[in-house]
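Asker: File name data.cif; file contents mmCIF, C-alpha atoms; full text below.
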```cif
data_my_file
loop_
_atom_site.group_PDB
_atom_site.id
_atom_site.type_symbol
_atom_site.label_atom_id
_atom_site.label_comp_id
_atom_site.auth_asym_id
_atom_site.auth_seq_id
_atom_site.Cartn_x
_atom_site.Cartn_y
_atom_site.Cartn_z
ATOM 1 C CA MET A 1 0.000 0.000 0.000
ATOM 2 C CA THR A 2 2.739 2.440 0.965
ATOM 3 C CA ILE A 3 4.687 1.548 -2.170
ATOM 4 C CA LEU A 4 1.639 2.354 -4.310
ATOM 5 C CA VAL A 5 1.121 5.700 -2.526
ATOM 6 C CA ILE A 6 4.776 6.648 -3.057
ATOM 7 C CA LEU A 7 4.590 5.688 -6.743
ATOM 8 C CA LEU A 8 1.442 7.774 -7.253
ATOM 9 C CA LEU A 9 2.940 10.826 -5.521
ATOM 10 C CA LEU A 10 6.195 10.589 -7.466
ATOM 11 C CA GLY A 11 4.293 10.191 -10.734
ATOM 12 C CA GLY A 12 2.278 13.298 -9.929
ATOM 13 C CA ALA A 13 5.436 15.275 -9.183
ATOM 14 C CA LEU A 14 6.977 14.051 -12.466
ATOM 15 C CA PHE A 15 3.973 15.213 -14.474
ATOM 16 C CA LEU A 16 4.017 18.588 -12.703
ATOM 17 C CA CYS A 17 7.619 18.967 -13.885
ATOM 18 C CA VAL A 18 6.512 17.965 -17.413
ATOM 19 C CA SER A 19 3.799 20.612 -17.476
ATOM 20 C CA CYS A 20 6.193 23.285 -16.211
ATOM 21 C CA VAL A 21 8.850 22.397 -18.809
ATOM 22 C CA GLY A 22 6.210 22.416 -21.531
ATOM 23 C CA LEU A 23 4.980 25.833 -20.443
ATOM 24 C CA LEU A 24 8.502 27.238 -20.471
ATOM 25 C CA ARG A 25 9.982 25.614 -23.594
ATOM 26 C CA LEU A 26 7.260 25.292 -26.241
ATOM 27 C CA PRO A 27 7.077 28.033 -28.873
ATOM 28 C CA ASP A 28 3.375 28.935 -29.077
ATOM 29 C CA PHE A 29 0.279 29.439 -26.960
ATOM 30 C CA TYR A 30 -1.513 26.463 -28.509
ATOM 31 C CA THR A 31 1.389 24.077 -27.941
ATOM 32 C CA ARG A 32 1.733 25.366 -24.376
ATOM 33 C CA ALA A 33 -1.974 24.788 -23.775
ATOM 34 C CA HIS A 34 -1.593 21.301 -25.222
ATOM 35 C CA ALA A 35 1.254 20.501 -22.828
ATOM 36 C CA VAL A 36 -0.224 22.124 -19.733
ATOM 37 C CA GLY A 37 -3.853 21.047 -20.087
ATOM 38 C CA LYS A 38 -3.147 17.337 -20.084
ATOM 39 C CA ALA A 39 -0.096 17.079 -17.833
ATOM 40 C CA GLU A 40 -1.686 19.289 -15.164
ATOM 41 C CA THR A 41 -4.871 17.193 -15.081
ATOM 42 C CA LEU A 42 -2.967 13.909 -14.870
ATOM 43 C CA ALA A 43 -0.648 15.239 -12.140
ATOM 44 C CA SER A 44 -3.601 16.431 -10.051
ATOM 45 C CA LEU A 45 -5.385 13.097 -10.433
ATOM 46 C CA LEU A 46 -2.272 11.089 -9.490
ATOM 47 C CA ILE A 47 -1.410 13.162 -6.402
ATOM 48 C CA LEU A 48 -4.993 13.355 -5.118
ATOM 49 C CA LEU A 49 -5.582 9.623 -5.654
ATOM 50 C CA GLY A 50 -2.332 8.835 -3.850
ATOM 51 C CA LEU A 51 -3.328 10.995 -0.899
ATOM 52 C CA ALA A 52 -6.824 9.470 -0.808
ATOM 53 C CA LEU A 53 -5.228 6.020 -0.716
ATOM 54 C CA HIS A 54 -2.901 7.194 2.066
ATOM 55 C CA ASN A 55 -5.763 8.659 4.089
ATOM 56 C CA GLY A 56 -7.728 5.432 4.438
ATOM 57 C CA ILE A 57 -11.461 5.245 5.016
ATOM 58 C CA ALA A 58 -12.746 8.592 6.331
ATOM 59 C CA LEU A 59 -15.001 11.462 5.361
ATOM 60 C CA SER A 60 -12.046 13.499 4.094
ATOM 61 C CA THR A 61 -11.237 10.688 1.643
ATOM 62 C CA LEU A 62 -14.694 11.204 0.133
ATOM 63 C CA LYS A 63 -13.980 14.931 -0.165
ATOM 64 C CA LEU A 64 -10.626 14.154 -1.815
ATOM 65 C CA LEU A 65 -12.417 11.981 -4.385
ATOM 66 C CA LEU A 66 -14.875 14.847 -4.940
ATOM 67 C CA ILE A 67 -11.907 17.148 -5.656
ATOM 68 C CA VAL A 68 -10.641 14.497 -8.114
ATOM 69 C CA VAL A 69 -13.986 14.569 -9.960
ATOM 70 C CA ILE A 70 -14.114 18.397 -9.988
ATOM 71 C CA VAL A 71 -10.533 18.725 -11.279
ATOM 72 C CA ALA A 72 -11.091 16.048 -13.941
ATOM 73 C CA ILE A 73 -14.089 17.979 -15.272
ATOM 74 C CA THR A 74 -12.993 21.602 -14.907
ATOM 75 C CA SER A 75 -9.301 21.578 -15.827
ATOM 76 C CA PRO A 76 -9.701 20.436 -19.476
ATOM 77 C CA THR A 77 -12.746 22.697 -19.781
ATOM 78 C CA ALA A 78 -10.749 25.751 -18.693
ATOM 79 C CA THR A 79 -7.929 24.938 -21.114
ATOM 80 C CA HIS A 80 -10.405 24.431 -23.951
ATOM 81 C CA ALA A 81 -12.160 27.719 -23.186
ATOM 82 C CA LEU A 82 -8.826 29.567 -23.248
ATOM 83 C CA ALA A 83 -7.789 27.977 -26.565
ATOM 84 C CA ARG A 84 -11.166 28.808 -28.113
ATOM 85 C CA ALA A 85 -10.928 32.395 -26.905
ATOM 86 C CA ALA A 86 -7.423 32.643 -28.397
ATOM 87 C CA ILE A 87 -8.433 31.323 -31.808
ATOM 88 C CA ARG A 88 -11.523 33.547 -31.910
ATOM 89 C CA SER A 89 -9.527 36.645 -31.088
ATOM 90 C CA GLY A 90 -7.241 35.907 -34.031
ATOM 91 C CA LEU A 91 -4.067 34.510 -32.490
ATOM 92 C CA LYS A 92 -1.941 32.931 -35.210
ATOM 93 C CA VAL A 93 -0.829 29.294 -35.033
ATOM 94 C CA TRP A 94 2.933 28.796 -34.863
ATOM 95 C CA ARG A 95 4.674 27.392 -37.952
ATOM 96 C CA SER A 96 8.164 25.954 -38.032
ATOM 97 C CA PRO A 97 10.536 28.512 -39.581
ATOM 98 C CA ARG A 98 12.385 25.749 -41.450
ATOM 99 C CA GLY A 99 9.536 24.916 -43.832
ATOM 100 C CA HIS A 100 6.897 22.223 -43.957
ATOM 101 C CA GLN A 101 9.143 19.144 -44.077
ATOM 102 C CA SER A 102 10.559 19.408 -40.573
ATOM 103 C CA HIS A 103 8.214 18.520 -37.759
ATOM 104 C CA ASP A 104 10.456 19.092 -34.761
ATOM 105 C CA VAL A 105 9.730 21.776 -32.175
ATOM 106 C CA ALA A 106 13.064 23.376 -31.422
ATOM 107 C CA GLY A 107 12.906 26.763 -29.814
ATOM 108 C CA MET B 108 6.010 9.705 4.098
ATOM 109 C CA GLN B 109 6.263 13.141 5.724
ATOM 110 C CA THR B 110 9.667 13.671 4.124
ATOM 111 C CA LEU B 111 8.310 12.743 0.692
ATOM 112 C CA ILE B 112 5.353 15.117 1.057
ATOM 113 C CA LEU B 113 7.632 17.929 2.239
ATOM 114 C CA SER B 114 10.012 17.444 -0.690
ATOM 115 C CA ILE B 115 7.101 17.468 -3.165
ATOM 116 C CA VAL B 116 5.862 20.750 -1.642
ATOM 117 C CA LEU B 117 9.345 22.272 -1.984
ATOM 118 C CA LEU B 118 9.545 21.066 -5.616
ATOM 119 C CA MET B 119 6.215 22.781 -6.256
ATOM 120 C CA CYS B 120 7.596 26.040 -4.856
ATOM 121 C CA LEU B 121 10.453 25.851 -7.391
ATOM 122 C CA LEU B 122 7.992 25.077 -10.200
ATOM 123 C CA ILE B 123 5.840 28.079 -9.265
ATOM 124 C CA ALA B 124 8.940 30.294 -9.389
ATOM 125 C CA ALA B 125 9.645 28.951 -12.895
ATOM 126 C CA ILE B 126 6.037 29.510 -14.024
ATOM 127 C CA LEU B 127 6.227 33.135 -12.846
ATOM 128 C CA TYR B 128 8.836 33.718 -15.560
ATOM 129 C CA ARG B 129 6.297 32.697 -18.214
ATOM 130 C CA ILE B 130 3.655 34.935 -16.628
ATOM 131 C CA ALA B 131 6.050 37.896 -16.646
ATOM 132 C CA ALA B 132 7.442 37.295 -20.148
ATOM 133 C CA GLY B 133 4.525 35.627 -21.955
ATOM 134 C CA PRO B 134 3.965 37.155 -25.403
ATOM 135 C CA THR B 135 0.162 37.114 -25.273
ATOM 136 C CA VAL B 136 -2.325 37.429 -22.461
ATOM 137 C CA PHE B 137 -3.438 33.821 -22.976
ATOM 138 C CA ASP B 138 -0.005 32.567 -21.965
ATOM 139 C CA ARG B 139 -0.338 34.551 -18.771
ATOM 140 C CA ALA B 140 -3.830 33.162 -18.167
ATOM 141 C CA ILE B 141 -2.742 29.561 -18.614
ATOM 142 C CA GLY B 142 0.248 30.160 -16.346
ATOM 143 C CA ALA B 143 -2.082 31.564 -13.704
ATOM 144 C CA GLY B 144 -4.271 28.467 -14.023
ATOM 145 C CA LEU B 145 -1.242 26.222 -13.589
ATOM 146 C CA ILE B 146 -0.192 28.141 -10.470
ATOM 147 C CA GLY B 147 -3.748 27.727 -9.155
ATOM 148 C CA THR B 148 -3.598 23.962 -9.640
ATOM 149 C CA ASN B 149 -0.193 23.852 -7.933
ATOM 150 C CA ALA B 150 -1.605 25.811 -5.007
ATOM 151 C CA LEU B 151 -4.567 23.429 -4.779
ATOM 152 C CA LEU B 152 -2.290 20.394 -4.594
ATOM 153 C CA MET B 153 -0.023 22.208 -2.153
ATOM 154 C CA LEU B 154 -2.986 22.902 0.158
ATOM 155 C CA VAL B 155 -3.876 19.199 0.331
ATOM 156 C CA LEU B 156 -0.246 18.190 0.846
ATOM 157 C CA VAL B 157 0.256 20.772 3.615
ATOM 158 C CA GLY B 158 -2.913 19.427 5.236
ATOM 159 C CA PHE B 159 -1.294 15.995 5.388
ATOM 160 C CA LEU B 160 1.930 17.583 6.614
ATOM 161 C CA TYR B 161 0.193 19.346 9.518
ATOM 162 C CA ASP B 162 -2.087 16.348 10.169
ATOM 163 C CA ARG B 163 -5.252 18.445 9.842
ATOM 164 C CA VAL B 164 -6.642 16.968 6.651
ATOM 165 C CA GLU B 165 -10.333 17.814 7.210
ATOM 166 C CA MET B 166 -9.909 21.583 7.269
ATOM 167 C CA PHE B 167 -7.428 21.765 4.380
ATOM 168 C CA VAL B 168 -9.524 19.478 2.169
ATOM 169 C CA ASP B 169 -12.476 21.866 2.502
ATOM 170 C CA LEU B 170 -10.230 24.784 1.555
ATOM 171 C CA ALA B 171 -8.916 22.868 -1.459
ATOM 172 C CA LEU B 172 -12.466 22.039 -2.576
ATOM 173 C CA ALA B 173 -13.383 25.725 -2.621
ATOM 174 C CA TYR B 174 -10.092 26.576 -4.337
ATOM 175 C CA ALA B 175 -10.688 24.088 -7.171
ATOM 176 C CA MET B 176 -13.998 25.714 -8.089
ATOM 177 C CA LEU B 177 -12.623 29.265 -7.747
ATOM 178 C CA ASN B 178 -9.667 28.420 -10.002
ATOM 179 C CA PHE B 179 -11.988 27.176 -12.745
ATOM 180 C CA ILE B 180 -14.282 30.197 -12.437
ATOM 181 C CA GLY B 181 -11.339 32.598 -12.633
ATOM 182 C CA VAL B 182 -9.818 31.044 -15.756
ATOM 183 C CA ALA B 183 -13.215 30.749 -17.472
ATOM 184 C CA ALA B 184 -13.977 34.410 -16.732
ATOM 185 C CA LEU B 185 -10.589 35.456 -18.168
ATOM 186 C CA ALA B 186 -11.262 33.404 -21.324
ATOM 187 C CA LYS B 187 -14.718 34.923 -21.745
ATOM 188 C CA TYR B 188 -13.433 38.467 -21.260
ATOM 189 C CA PHE B 189 -10.581 38.206 -23.742
ATOM 190 C CA GLU B 190 -12.819 36.405 -26.241
ATOM 191 C CA LEU B 191 -15.255 39.324 -26.225
ATOM 192 C CA ARG B 192 -12.421 41.841 -26.615
ATOM 193 C CA GLN B 193 -11.759 41.617 -30.349
ATOM 194 C CA GLU B 194 -8.560 43.619 -30.726
ATOM 195 C CA ASN B 195 -5.164 41.999 -30.967
ATOM 196 C CA PRO B 196 -4.199 40.737 -27.492
ATOM 197 C CA SER B 197 -0.908 41.709 -25.965
#
```
Can you give me the file's structure in the form of C-alpha coordinates?
Answerer:
Amino acid sequence: MTILVILLLLGGALFLCVSCVGLLRLPDFYTRAHAVGKAETLASLLILLGLALHNGIALSTLKLLLIVVIVAITSPTATHALARAAIRSGLKVWRSPRGHQSHDVAG
Amino acid sequence: MQTLILSIVLLMCLLIAAILYRIAAGPTVFDRAIGAGLIGTNALLMLVLVGFLYDRVEMFVDLALAYAMLNFIGVAALAKYFELRQENPS
(Lines of atoms letter the chains of each structure in order from A and count residues from 1; the text may use other names and numbers.)
(Lines give C-alpha, C1' and ligand atoms only; values in the text may rest on other atoms or scores of the structure.)
Protein backbone atom coordinates (compact mmCIF):
# COMPACT_ATOMS: atom_id res chain seq x y z
CA MET A 1 0.00 0.00 0.00
CA THR A 2 2.74 2.44 0.97
CA ILE A 3 4.69 1.55 -2.17
CA LEU A 4 1.64 2.35 -4.31
CA VAL A 5 1.12 5.70 -2.53
CA ILE A 6 4.78 6.65 -3.06
CA LEU A 7 4.59 5.69 -6.74
CA LEU A 8 1.44 7.77 -7.25
CA LEU A 9 2.94 10.83 -5.52
CA LEU A 10 6.20 10.59 -7.47
CA GLY A 11 4.29 10.19 -10.73
CA GLY A 12 2.28 13.30 -9.93
CA ALA A 13 5.44 15.28 -9.18
CA LEU A 14 6.98 14.05 -12.47
CA PHE A 15 3.97 15.21 -14.47
CA LEU A 16 4.02 18.59 -12.70
CA CYS A 17 7.62 18.97 -13.88
CA VAL A 18 6.51 17.96 -17.41
CA SER A 19 3.80 20.61 -17.48
CA CYS A 20 6.19 23.28 -16.21
CA VAL A 21 8.85 22.40 -18.81
CA GLY A 22 6.21 22.42 -21.53
CA LEU A 23 4.98 25.83 -20.44
CA LEU A 24 8.50 27.24 -20.47
CA ARG A 25 9.98 25.61 -23.59
CA LEU A 26 7.26 25.29 -26.24
CA PRO A 27 7.08 28.03 -28.87
CA ASP A 28 3.38 28.94 -29.08
CA PHE A 29 0.28 29.44 -26.96
CA TYR A 30 -1.51 26.46 -28.51
CA THR A 31 1.39 24.08 -27.94
CA ARG A 32 1.73 25.37 -24.38
CA ALA A 33 -1.97 24.79 -23.77
CA HIS A 34 -1.59 21.30 -25.22
CA ALA A 35 1.25 20.50 -22.83
CA VAL A 36 -0.22 22.12 -19.73
CA GLY A 37 -3.85 21.05 -20.09
CA LYS A 38 -3.15 17.34 -20.08
CA ALA A 39 -0.10 17.08 -17.83
CA GLU A 40 -1.69 19.29 -15.16
CA THR A 41 -4.87 17.19 -15.08
CA LEU A 42 -2.97 13.91 -14.87
CA ALA A 43 -0.65 15.24 -12.14
CA SER A 44 -3.60 16.43 -10.05
CA LEU A 45 -5.38 13.10 -10.43
CA LEU A 46 -2.27 11.09 -9.49
CA ILE A 47 -1.41 13.16 -6.40
CA LEU A 48 -4.99 13.35 -5.12
CA LEU A 49 -5.58 9.62 -5.65
CA GLY A 50 -2.33 8.84 -3.85
CA LEU A 51 -3.33 11.00 -0.90
CA ALA A 52 -6.82 9.47 -0.81
CA LEU A 53 -5.23 6.02 -0.72
CA HIS A 54 -2.90 7.19 2.07
CA ASN A 55 -5.76 8.66 4.09
CA GLY A 56 -7.73 5.43 4.44
CA ILE A 57 -11.46 5.24 5.02
CA ALA A 58 -12.75 8.59 6.33
CA LEU A 59 -15.00 11.46 5.36
CA SER A 60 -12.05 13.50 4.09
CA THR A 61 -11.24 10.69 1.64
CA LEU A 62 -14.69 11.20 0.13
CA LYS A 63 -13.98 14.93 -0.16
CA LEU A 64 -10.63 14.15 -1.81
CA LEU A 65 -12.42 11.98 -4.38
CA LEU A 66 -14.87 14.85 -4.94
CA ILE A 67 -11.91 17.15 -5.66
CA VAL A 68 -10.64 14.50 -8.11
CA VAL A 69 -13.99 14.57 -9.96
CA ILE A 70 -14.11 18.40 -9.99
CA VAL A 71 -10.53 18.73 -11.28
CA ALA A 72 -11.09 16.05 -13.94
CA ILE A 73 -14.09 17.98 -15.27
CA THR A 74 -12.99 21.60 -14.91
CA SER A 75 -9.30 21.58 -15.83
CA PRO A 76 -9.70 20.44 -19.48
CA THR A 77 -12.75 22.70 -19.78
CA ALA A 78 -10.75 25.75 -18.69
CA THR A 79 -7.93 24.94 -21.11
CA HIS A 80 -10.40 24.43 -23.95
CA ALA A 81 -12.16 27.72 -23.19
CA LEU A 82 -8.83 29.57 -23.25
CA ALA A 83 -7.79 27.98 -26.56
CA ARG A 84 -11.17 28.81 -28.11
CA ALA A 85 -10.93 32.40 -26.91
CA ALA A 86 -7.42 32.64 -28.40
CA ILE A 87 -8.43 31.32 -31.81
CA ARG A 88 -11.52 33.55 -31.91
CA SER A 89 -9.53 36.64 -31.09
CA GLY A 90 -7.24 35.91 -34.03
CA LEU A 91 -4.07 34.51 -32.49
CA LYS A 92 -1.94 32.93 -35.21
CA VAL A 93 -0.83 29.29 -35.03
CA TRP A 94 2.93 28.80 -34.86
CA ARG A 95 4.67 27.39 -37.95
CA SER A 96 8.16 25.95 -38.03
CA PRO A 97 10.54 28.51 -39.58
CA ARG A 98 12.38 25.75 -41.45
CA GLY A 99 9.54 24.92 -43.83
CA HIS A 100 6.90 22.22 -43.96
CA GLN A 101 9.14 19.14 -44.08
CA SER A 102 10.56 19.41 -40.57
CA HIS A 103 8.21 18.52 -37.76
CA ASP A 104 10.46 19.09 -34.76
CA VAL A 105 9.73 21.78 -32.17
CA ALA A 106 13.06 23.38 -31.42
CA GLY A 107 12.91 26.76 -29.81
CA MET B 1 6.01 9.70 4.10
CA GLN B 2 6.26 13.14 5.72
CA THR B 3 9.67 13.67 4.12
CA LEU B 4 8.31 12.74 0.69
CA ILE B 5 5.35 15.12 1.06
CA LEU B 6 7.63 17.93 2.24
CA SER B 7 10.01 17.44 -0.69
CA ILE B 8 7.10 17.47 -3.17
CA VAL B 9 5.86 20.75 -1.64
CA LEU B 10 9.35 22.27 -1.98
CA LEU B 11 9.55 21.07 -5.62
CA MET B 12 6.22 22.78 -6.26
CA CYS B 13 7.60 26.04 -4.86
CA LEU B 14 10.45 25.85 -7.39
CA LEU B 15 7.99 25.08 -10.20
CA ILE B 16 5.84 28.08 -9.27
CA ALA B 17 8.94 30.29 -9.39
CA ALA B 18 9.65 28.95 -12.90
CA ILE B 19 6.04 29.51 -14.02
CA LEU B 20 6.23 33.14 -12.85
CA TYR B 21 8.84 33.72 -15.56
CA ARG B 22 6.30 32.70 -18.21
CA ILE B 23 3.66 34.93 -16.63
CA ALA B 24 6.05 37.90 -16.65
CA ALA B 25 7.44 37.29 -20.15
CA GLY B 26 4.53 35.63 -21.95
CA PRO B 27 3.97 37.15 -25.40
CA THR B 28 0.16 37.11 -25.27
CA VAL B 29 -2.32 37.43 -22.46
CA PHE B 30 -3.44 33.82 -22.98
CA ASP B 31 0.00 32.57 -21.97
CA ARG B 32 -0.34 34.55 -18.77
CA ALA B 33 -3.83 33.16 -18.17
CA ILE B 34 -2.74 29.56 -18.61
CA GLY B 35 0.25 30.16 -16.35
CA ALA B 36 -2.08 31.56 -13.70
CA GLY B 37 -4.27 28.47 -14.02
CA LEU B 38 -1.24 26.22 -13.59
CA ILE B 39 -0.19 28.14 -10.47
CA GLY B 40 -3.75 27.73 -9.16
CA THR B 41 -3.60 23.96 -9.64
CA ASN B 42 -0.19 23.85 -7.93
CA ALA B 43 -1.61 25.81 -5.01
CA LEU B 44 -4.57 23.43 -4.78
CA LEU B 45 -2.29 20.39 -4.59
CA MET B 46 -0.02 22.21 -2.15
CA LEU B 47 -2.99 22.90 0.16
CA VAL B 48 -3.88 19.20 0.33
CA LEU B 49 -0.25 18.19 0.85
CA VAL B 50 0.26 20.77 3.61
CA GLY B 51 -2.91 19.43 5.24
CA PHE B 52 -1.29 16.00 5.39
CA LEU B 53 1.93 17.58 6.61
CA TYR B 54 0.19 19.35 9.52
CA ASP B 55 -2.09 16.35 10.17
CA ARG B 56 -5.25 18.44 9.84
CA VAL B 57 -6.64 16.97 6.65
CA GLU B 58 -10.33 17.81 7.21
CA MET B 59 -9.91 21.58 7.27
CA PHE B 60 -7.43 21.77 4.38
CA VAL B 61 -9.52 19.48 2.17
CA ASP B 62 -12.48 21.87 2.50
CA LEU B 63 -10.23 24.78 1.55
CA ALA B 64 -8.92 22.87 -1.46
CA LEU B 65 -12.47 22.04 -2.58
CA ALA B 66 -13.38 25.72 -2.62
CA TYR B 67 -10.09 26.58 -4.34
CA ALA B 68 -10.69 24.09 -7.17
CA MET B 69 -14.00 25.71 -8.09
CA LEU B 70 -12.62 29.26 -7.75
CA ASN B 71 -9.67 28.42 -10.00
CA PHE B 72 -11.99 27.18 -12.75
CA ILE B 73 -14.28 30.20 -12.44
CA GLY B 74 -11.34 32.60 -12.63
CA VAL B 75 -9.82 31.04 -15.76
CA ALA B 76 -13.21 30.75 -17.47
CA ALA B 77 -13.98 34.41 -16.73
CA LEU B 78 -10.59 35.46 -18.17
CA ALA B 79 -11.26 33.40 -21.32
CA LYS B 80 -14.72 34.92 -21.74
CA TYR B 81 -13.43 38.47 -21.26
CA PHE B 82 -10.58 38.21 -23.74
CA GLU B 83 -12.82 36.40 -26.24
CA LEU B 84 -15.26 39.32 -26.23
CA ARG B 85 -12.42 41.84 -26.62
CA GLN B 86 -11.76 41.62 -30.35
CA GLU B 87 -8.56 43.62 -30.73
CA ASN B 88 -5.16 42.00 -30.97
CA PRO B 89 -4.20 40.74 -27.49
CA SER B 90 -0.91 41.71 -25.96
Asker: Could you tell me how far atom CA of Gly12 of chain A sits from atom CA of Leu118 of chain B, in Å to one decimal place?
Answerer: 11.5 Å
Asker: Show me, as a tab-separated table, the residues of chain A having an atom within 9 Å of chain B, each with the closest atom pair and its distance in Å, using only C-alpha atoms.
Answerer:
```
residue	atom	partner	partner_atom	distance
A:Thr2	CA	B:Met108	CA	8.6
A:Ile6	CA	B:Met108	CA	7.9
A:Leu9	CA	B:Ile115	CA	8.2
A:Leu10	CA	B:Ile115	CA	8.2
A:Ala13	CA	B:Ile115	CA	6.6
A:Leu16	CA	B:Met119	CA	8.0
A:Cys17	CA	B:Leu122	CA	7.1
A:Ser19	CA	B:Leu145	CA	8.5
A:Cys20	CA	B:Leu122	CA	6.5
A:Val21	CA	B:Ala125	CA	8.9
A:Leu23	CA	B:Arg129	CA	7.3
A:Leu24	CA	B:Arg129	CA	6.3
A:Asp28	CA	B:Asp138	CA	8.7
A:Phe29	CA	B:Asp138	CA	5.9
A:Arg32	CA	B:Asp138	CA	7.8
A:Ala33	CA	B:Ile141	CA	7.1
A:Val36	CA	B:Leu145	CA	7.5
A:Gly37	CA	B:Leu145	CA	8.7
A:Glu40	CA	B:Leu145	CA	7.1
A:Thr41	CA	B:Thr148	CA	8.8
A:Ser44	CA	B:Leu152	CA	6.9
A:Ile47	CA	B:Leu152	CA	7.5
A:Leu48	CA	B:Leu152	CA	7.6
A:Leu51	CA	B:Leu156	CA	8.0
A:Asn55	CA	B:Phe159	CA	8.7
A:Leu59	CA	B:Glu165	CA	8.1
A:Ser60	CA	B:Glu165	CA	5.6
A:Thr61	CA	B:Val168	CA	9.0
A:Lys63	CA	B:Val168	CA	6.8
A:Leu64	CA	B:Val168	CA	6.7
A:Leu66	CA	B:Leu172	CA	7.9
A:Ile67	CA	B:Leu172	CA	5.8
A:Ile70	CA	B:Ala175	CA	7.2
A:Val71	CA	B:Ala175	CA	6.8
A:Thr74	CA	B:Phe179	CA	6.1
A:Ser75	CA	B:Phe179	CA	6.9
A:Thr77	CA	B:Phe179	CA	8.4
A:Ala78	CA	B:Ala183	CA	5.7
A:Thr79	CA	B:Ile141	CA	7.4
A:Ala81	CA	B:Ala186	CA	6.0
A:Leu82	CA	B:Ala186	CA	4.9
A:Ala83	CA	B:Phe137	CA	8.1
A:Arg84	CA	B:Glu190	CA	8.0
A:Ala85	CA	B:Glu190	CA	4.5
A:Ala86	CA	B:Phe137	CA	6.8
A:Ile87	CA	B:Glu190	CA	8.7
A:Arg88	CA	B:Glu190	CA	6.5
A:Ser89	CA	B:Gln193	CA	5.5
A:Gly90	CA	B:Asn195	CA	7.1
A:Leu91	CA	B:Asn195	CA	7.7
```
Asker: Residues at most 7 Å from Val5 of chain A, counting all atoms listed in the file, excluding those fewer than 3 positions away in the same chain, as an MDAnalysis selection string?
Answerer: chainID A and resid 1:2 8:9 50 53:54
Asker: To one decimal in Å, tell me the separation between atom CA of Thr110 of chain B and atom CA of Ala52 of chain A.
Answerer: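 Value for the atom CA of Thr110 of chain B-atom CA of Ala52 of chain A distance: 17.7 Å.
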Asker: If I take atom CA of Leu170 of chain B and atom CA of Gly147 of chain B, how far is one from the other in Å, to one decimal?
Answerer: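 A separation of 12.9 Å between them.
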Asker: Find the residue from A:Val18, A:Val68, A:Val93, A:Leu62 that sits nearest to Lys38 of chain A; use only C-alpha atoms when measuring.
Answerer: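 With only C-alpha atoms as the atom set, the closest residue is A:Val18.
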Asker: Given 5 Å on each side, where is the centre and what are the edge lengths in Å to one decimal of the axis-aligned box enclosing the listed atoms of segment 108-112 of chain B, as lines of an AutoDock Vina configuration file?
Answerer:
```
center_x = 7.5
center_y = 12.4
center_z = 3.2
size_x = 14.3
size_y = 15.4
size_z = 15.0
```
